[in-house]
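Visitor: So here's run28.csv (CSV, C-alpha atoms).
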```csv
chain,number,residue,atom,x,y,z
A,273,LYS,CA,10.0,-8.1,-9.7
A,274,LYS,CA,11.0,-10.8,-7.3
A,275,SER,CA,10.8,-14.6,-7.1
A,276,LYS,CA,7.1,-15.4,-7.0
A,277,ALA,CA,6.4,-11.9,-5.8
A,278,PHE,CA,6.5,-8.2,-6.8
A,279,THR,CA,6.8,-4.9,-5.1
A,280,ALA,CA,4.4,-2.1,-5.9
A,281,SER,CA,5.5,1.5,-5.1
A,282,TRP,CA,3.8,4.8,-5.6
A,283,LYS,CA,4.1,8.5,-4.8
A,284,LYS,CA,2.6,9.6,-1.6
A,285,TYR,CA,-0.7,11.3,-2.2
A,286,THR,CA,-0.6,14.9,-0.9
A,287,THR,CA,-4.2,15.6,0.0
A,288,GLU,CA,-6.1,14.1,2.9
A,289,ILE,CA,-7.0,10.5,2.3
A,290,THR,CA,-7.8,7.5,4.5
A,291,GLY,CA,-5.8,4.9,2.5
A,292,TYR,CA,-4.9,3.1,-0.7
A,293,GLU,CA,-6.3,0.1,-2.5
A,294,ILE,CA,-4.0,-2.0,-4.7
A,295,GLN,CA,-5.5,-4.5,-7.1
A,296,TYR,CA,-3.7,-7.1,-9.1
A,297,SER,CA,-4.9,-9.7,-11.6
A,298,ARG,CA,-3.8,-12.0,-14.3
A,299,ASN,CA,-6.3,-10.4,-16.7
A,300,LYS,CA,-5.4,-6.9,-17.9
A,301,ASN,CA,-9.1,-6.0,-18.0
A,302,PHE,CA,-9.5,-6.9,-14.3
A,303,LYS,CA,-12.7,-8.9,-15.2
A,304,SER,CA,-12.0,-12.0,-13.1
A,305,SER,CA,-9.8,-13.4,-10.3
A,306,ASN,CA,-8.8,-10.0,-8.9
A,307,LYS,CA,-7.0,-9.6,-5.6
A,308,THR,CA,-7.3,-6.4,-3.6
A,309,ILE,CA,-4.9,-5.2,-0.9
A,310,LYS,CA,-6.0,-2.4,1.5
A,311,ILE,CA,-3.3,0.0,2.8
A,312,THR,CA,-4.6,2.0,5.7
A,313,LYS,CA,-1.5,3.9,6.6
A,314,THR,CA,-1.3,7.0,4.4
A,315,LYS,CA,2.5,7.3,4.8
A,316,THR,CA,3.1,3.9,3.2
A,317,THR,CA,4.4,4.2,-0.4
A,318,SER,CA,5.2,0.6,-1.3
A,319,THR,CA,4.1,-3.0,-0.6
A,320,THR,CA,5.3,-6.5,-1.6
A,321,VAL,CA,2.8,-9.0,-2.9
A,322,MET,CA,4.0,-12.6,-2.3
A,323,LYS,CA,3.0,-16.2,-2.9
A,324,LEU,CA,2.2,-15.8,-6.6
A,325,LYS,CA,2.8,-18.1,-9.5
A,326,ALA,CA,6.3,-18.2,-11.0
A,327,LYS,CA,7.0,-16.8,-14.5
A,328,LYS,CA,3.5,-15.3,-14.8
A,329,LYS,CA,2.4,-11.9,-15.9
A,330,TYR,CA,0.3,-9.8,-13.5
A,331,TYR,CA,-1.4,-6.5,-13.9
A,332,VAL,CA,-1.4,-4.0,-11.1
A,333,ARG,CA,-3.4,-0.8,-10.4
A,334,ILE,CA,-4.0,1.5,-7.4
A,335,ARG,CA,-6.5,4.0,-6.2
A,336,THR,CA,-7.1,6.1,-3.0
A,337,TYR,CA,-10.1,6.3,-0.8
A,338,LYS,CA,-11.4,8.6,1.9
A,339,LYS,CA,-13.8,7.5,4.7
A,340,VAL,CA,-16.4,10.1,5.7
A,341,ASN,CA,-19.1,9.3,8.3
A,342,GLY,CA,-18.7,5.6,7.6
A,343,THR,CA,-19.0,5.9,3.8
A,344,LYS,CA,-15.9,5.3,1.6
A,345,TYR,CA,-15.3,7.5,-1.4
A,346,TYR,CA,-12.9,6.1,-4.0
A,347,SER,CA,-10.8,7.8,-6.7
A,348,ASN,CA,-10.5,6.4,-10.2
A,349,TRP,CA,-8.2,3.5,-10.7
A,350,SER,CA,-4.7,4.3,-12.1
A,351,LYS,CA,-3.6,3.0,-15.4
A,352,TYR,CA,-2.4,-0.6,-15.0
A,353,LYS,CA,1.3,-1.7,-15.0
A,354,SER,CA,2.4,-5.2,-15.9
A,355,VAL,CA,5.0,-7.2,-14.1
A,356,THR,CA,6.3,-10.8,-14.7
A,357,THR,CA,7.4,-12.9,-11.7
A,358,LYS,CA,10.6,-14.8,-11.6
A,359,LYS,CA,10.9,-18.5,-10.9
```
Can the structure from this file be put into structure tokens for me?
Guide:
Amino acid sequence: KKSKAFTASWKKYTTEITGYEIQYSRNKNFKSSNKTIKITKTKTTSTTVMKLKAKKKYYVRIRTYKKVNGTKYYSNWSKYKSVTTKK
């Protein structure tokens, strides 16, 4: 965790994929006010999410996707992790 930010990191997926989607929310059920970040470089294994509210808890999850003939196929979401931002 960082000041008004957090860094998400994950293990590199070994099979052929097109990219990753990282989703974070203040709600652990991800029912409302979700933000999604798309990572298109498959060699990337971390990203920093900035400009968040201080001293708030966020929930983060990730999934992979593969694009075939213009259609995206998604994996299941990972289990969420929680992080609290600093001031």
Visitor: What's around stretch 322-324 of chain A at 12 Å? Count only C-alpha atoms, leave out sequence neighbours fewer than 2 positions away in its own chain, and write the answer as a PyMOL selection string.
Guide: chain A and resi 273-280+296-298+307+309+319-320+326-330+355-359
Visitor: Restricting the calculation to all atoms listed in the file: of A:Ser304, A:Ser354, A:Thr314, A:Asn348, which residue gets closest to A:Lys283?
Guide: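 Of all the options, A:Thr314 lies closest to A:Lys283.
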Visitor: Using only C-alpha atoms, determine which residues lie at most 12 Å from A:Val340, disregarding the query and same-chain residues fewer than 4 positions distant; provide the list as a PyMOL selection string.
Guide: chain A and resi 288-290+344-346
Visitor: Rounded to one decimal in Å, what is the spacing between atom CA of A:Thr343 and atom CA of A:Ser318?
Guide: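 Distance between the two atoms: 25.3 Å.
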Visitor: So which one's closest to A:Thr316, A:Lys300, A:Lys351, A:Lys284, A:Lys339? Using only C-alpha atoms, please.
Guide: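 Distance minimum relative to A:Thr316 lands on A:Lys284.
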Visitor: I'd like to know which of A:Lys303, A:Lys353, A:Arg335, A:Lys325 is closest to A:Gly291, using all atoms listed in the file.
Guide: A:Arg335
Visitor: For the atom pair atom CA of A:Ser347 and atom CA of A:Tyr331, what is the interatomic distance in Å to one decimal place?
Guide: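 We find that atom CA of A:Ser347 and atom CA of A:Tyr331 lie 18.6 Å from each other.
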Visitor: Between atom CA of A:Tyr285 and atom CA of A:Asn341, what is the spacing in Å?
Guide: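 Between atom CA of A:Asn341 and atom CA of A:Tyr285 the gap is 21.3 Å.
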Visitor: For each of A:Asn306, A:Lys338, A:Val321, A:Ile311, take the minimum atom-to-atom distance to A:Thr287, counting all atoms listed in the file, then give the residue where this is smallest.
Guide: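 Ranked by minimum distance to A:Thr287, first place goes to A:Lys338.
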Visitor: Rank nothing, just name the residue among A:Lys315, A:Tyr352, A:Lys310, A:Arg333 nearest to A:Tyr292, using all atoms listed in the file.
Guide: A:Lys310
Visitor: Taking the partial coordinates given, rebuild stretch 300-311 of chain A to contain all heavy atoms; return it as an mmCIF file, in the coordinates of the input.
Guide:
```
data_model
loop_
_atom_site.group_PDB
_atom_site.id
_atom_site.type_symbol
_atom_site.label_atom_id
_atom_site.label_comp_id
_atom_site.auth_asym_id
_atom_site.auth_seq_id
_atom_site.Cartn_x
_atom_site.Cartn_y
_atom_site.Cartn_z
ATOM 1 N N LYS A 300 -5.682 -8.328 -17.830
ATOM 2 C CA LYS A 300 -5.400 -6.900 -17.900
ATOM 3 C C LYS A 300 -6.719 -6.062 -17.873
ATOM 4 O O LYS A 300 -6.672 -4.870 -17.600
ATOM 5 C CB LYS A 300 -4.566 -6.532 -19.081
ATOM 6 C CG LYS A 300 -5.216 -6.656 -20.426
ATOM 7 C CD LYS A 300 -4.230 -6.242 -21.499
ATOM 8 C CE LYS A 300 -4.797 -6.447 -22.876
ATOM 9 N NZ LYS A 300 -3.825 -6.076 -23.906
ATOM 10 N N ASN A 301 -7.864 -6.685 -18.123
ATOM 11 C CA ASN A 301 -9.100 -6.000 -18.000
ATOM 12 C C ASN A 301 -9.731 -6.035 -16.627
ATOM 13 O O ASN A 301 -10.774 -5.454 -16.380
ATOM 14 C CB ASN A 301 -10.138 -6.548 -19.040
ATOM 15 C CG ASN A 301 -9.692 -6.327 -20.461
ATOM 16 O OD1 ASN A 301 -9.134 -5.284 -20.783
ATOM 17 N ND2 ASN A 301 -9.896 -7.305 -21.317
ATOM 18 N N PHE A 302 -9.091 -6.776 -15.736
ATOM 19 C CA PHE A 302 -9.500 -6.900 -14.300
ATOM 20 C C PHE A 302 -10.971 -7.435 -14.276
ATOM 21 O O PHE A 302 -11.754 -7.003 -13.451
ATOM 22 C CB PHE A 302 -9.381 -5.616 -13.577
ATOM 23 C CG PHE A 302 -7.946 -5.212 -13.386
ATOM 24 C CD1 PHE A 302 -7.281 -4.456 -14.335
ATOM 25 C CD2 PHE A 302 -7.249 -5.606 -12.256
ATOM 26 C CE1 PHE A 302 -5.959 -4.088 -14.166
ATOM 27 C CE2 PHE A 302 -5.928 -5.245 -12.068
ATOM 28 C CZ PHE A 302 -5.277 -4.488 -13.028
ATOM 29 N N LYS A 303 -11.314 -8.373 -15.161
ATOM 30 C CA LYS A 303 -12.700 -8.900 -15.200
ATOM 31 C C LYS A 303 -12.890 -10.066 -14.247
ATOM 32 O O LYS A 303 -13.994 -10.301 -13.796
ATOM 33 C CB LYS A 303 -13.030 -9.365 -16.635
ATOM 34 C CG LYS A 303 -13.059 -8.242 -17.641
ATOM 35 C CD LYS A 303 -14.255 -7.352 -17.424
ATOM 36 C CE LYS A 303 -14.323 -6.292 -18.496
ATOM 37 N NZ LYS A 303 -15.285 -5.269 -18.211
ATOM 38 N N SER A 304 -11.828 -10.828 -13.953
ATOM 39 C CA SER A 304 -12.000 -12.000 -13.100
ATOM 40 C C SER A 304 -10.733 -12.225 -12.268
ATOM 41 O O SER A 304 -9.658 -11.750 -12.621
ATOM 42 C CB SER A 304 -12.319 -13.226 -13.899
ATOM 43 O OG SER A 304 -11.247 -13.513 -14.780
ATOM 44 N N SER A 305 -10.879 -12.962 -11.199
ATOM 45 C CA SER A 305 -9.800 -13.400 -10.300
ATOM 46 C C SER A 305 -8.898 -12.212 -9.874
ATOM 47 O O SER A 305 -7.680 -12.295 -9.976
ATOM 48 C CB SER A 305 -8.993 -14.529 -10.851
ATOM 49 O OG SER A 305 -8.386 -14.188 -12.070
ATOM 50 N N ASN A 306 -9.521 -11.125 -9.422
ATOM 51 C CA ASN A 306 -8.800 -10.000 -8.900
ATOM 52 C C ASN A 306 -8.476 -10.190 -7.427
ATOM 53 O O ASN A 306 -9.267 -10.778 -6.712
ATOM 54 C CB ASN A 306 -9.571 -8.694 -9.053
ATOM 55 C CG ASN A 306 -9.978 -8.423 -10.464
ATOM 56 O OD1 ASN A 306 -9.303 -8.818 -11.390
ATOM 57 N ND2 ASN A 306 -11.087 -7.747 -10.637
ATOM 58 N N LYS A 307 -7.379 -9.666 -6.986
ATOM 59 C CA LYS A 307 -7.000 -9.600 -5.600
ATOM 60 C C LYS A 307 -6.831 -8.172 -5.191
ATOM 61 O O LYS A 307 -6.188 -7.426 -5.931
ATOM 62 C CB LYS A 307 -5.780 -10.426 -5.267
ATOM 63 C CG LYS A 307 -5.837 -11.867 -5.688
ATOM 64 C CD LYS A 307 -6.693 -12.679 -4.762
ATOM 65 C CE LYS A 307 -6.617 -14.141 -5.179
ATOM 66 N NZ LYS A 307 -7.464 -15.007 -4.454
ATOM 67 N N THR A 308 -7.385 -7.768 -4.056
ATOM 68 C CA THR A 308 -7.300 -6.400 -3.600
ATOM 69 C C THR A 308 -6.600 -6.333 -2.258
ATOM 70 O O THR A 308 -6.931 -7.103 -1.361
ATOM 71 C CB THR A 308 -8.664 -5.739 -3.532
ATOM 72 O OG1 THR A 308 -9.299 -5.843 -4.818
ATOM 73 C CG2 THR A 308 -8.571 -4.272 -3.160
ATOM 74 N N ILE A 309 -5.662 -5.410 -2.119
ATOM 75 C CA ILE A 309 -4.900 -5.200 -0.900
ATOM 76 C C ILE A 309 -5.288 -3.792 -0.383
ATOM 77 O O ILE A 309 -5.195 -2.829 -1.149
ATOM 78 C CB ILE A 309 -3.428 -5.309 -1.069
ATOM 79 C CG1 ILE A 309 -3.078 -6.679 -1.622
ATOM 80 C CG2 ILE A 309 -2.685 -5.023 0.219
ATOM 81 C CD1 ILE A 309 -1.656 -6.784 -2.096
ATOM 82 N N LYS A 310 -5.686 -3.674 0.881
ATOM 83 C CA LYS A 310 -6.000 -2.400 1.500
ATOM 84 C C LYS A 310 -4.797 -1.897 2.287
ATOM 85 O O LYS A 310 -4.283 -2.641 3.117
ATOM 86 C CB LYS A 310 -7.227 -2.415 2.322
ATOM 87 C CG LYS A 310 -8.470 -2.622 1.511
ATOM 88 C CD LYS A 310 -9.704 -2.422 2.325
ATOM 89 C CE LYS A 310 -10.897 -2.676 1.413
ATOM 90 N NZ LYS A 310 -12.107 -2.145 1.910
ATOM 91 N N ILE A 311 -4.374 -0.669 2.047
ATOM 92 C CA ILE A 311 -3.300 0.000 2.800
ATOM 93 C C ILE A 311 -3.944 1.092 3.595
ATOM 94 O O ILE A 311 -4.450 2.050 3.007
ATOM 95 C CB ILE A 311 -2.200 0.525 1.878
ATOM 96 C CG1 ILE A 311 -1.705 -0.528 0.893
ATOM 97 C CG2 ILE A 311 -1.085 1.146 2.681
ATOM 98 C CD1 ILE A 311 -0.925 -1.647 1.493
#
```
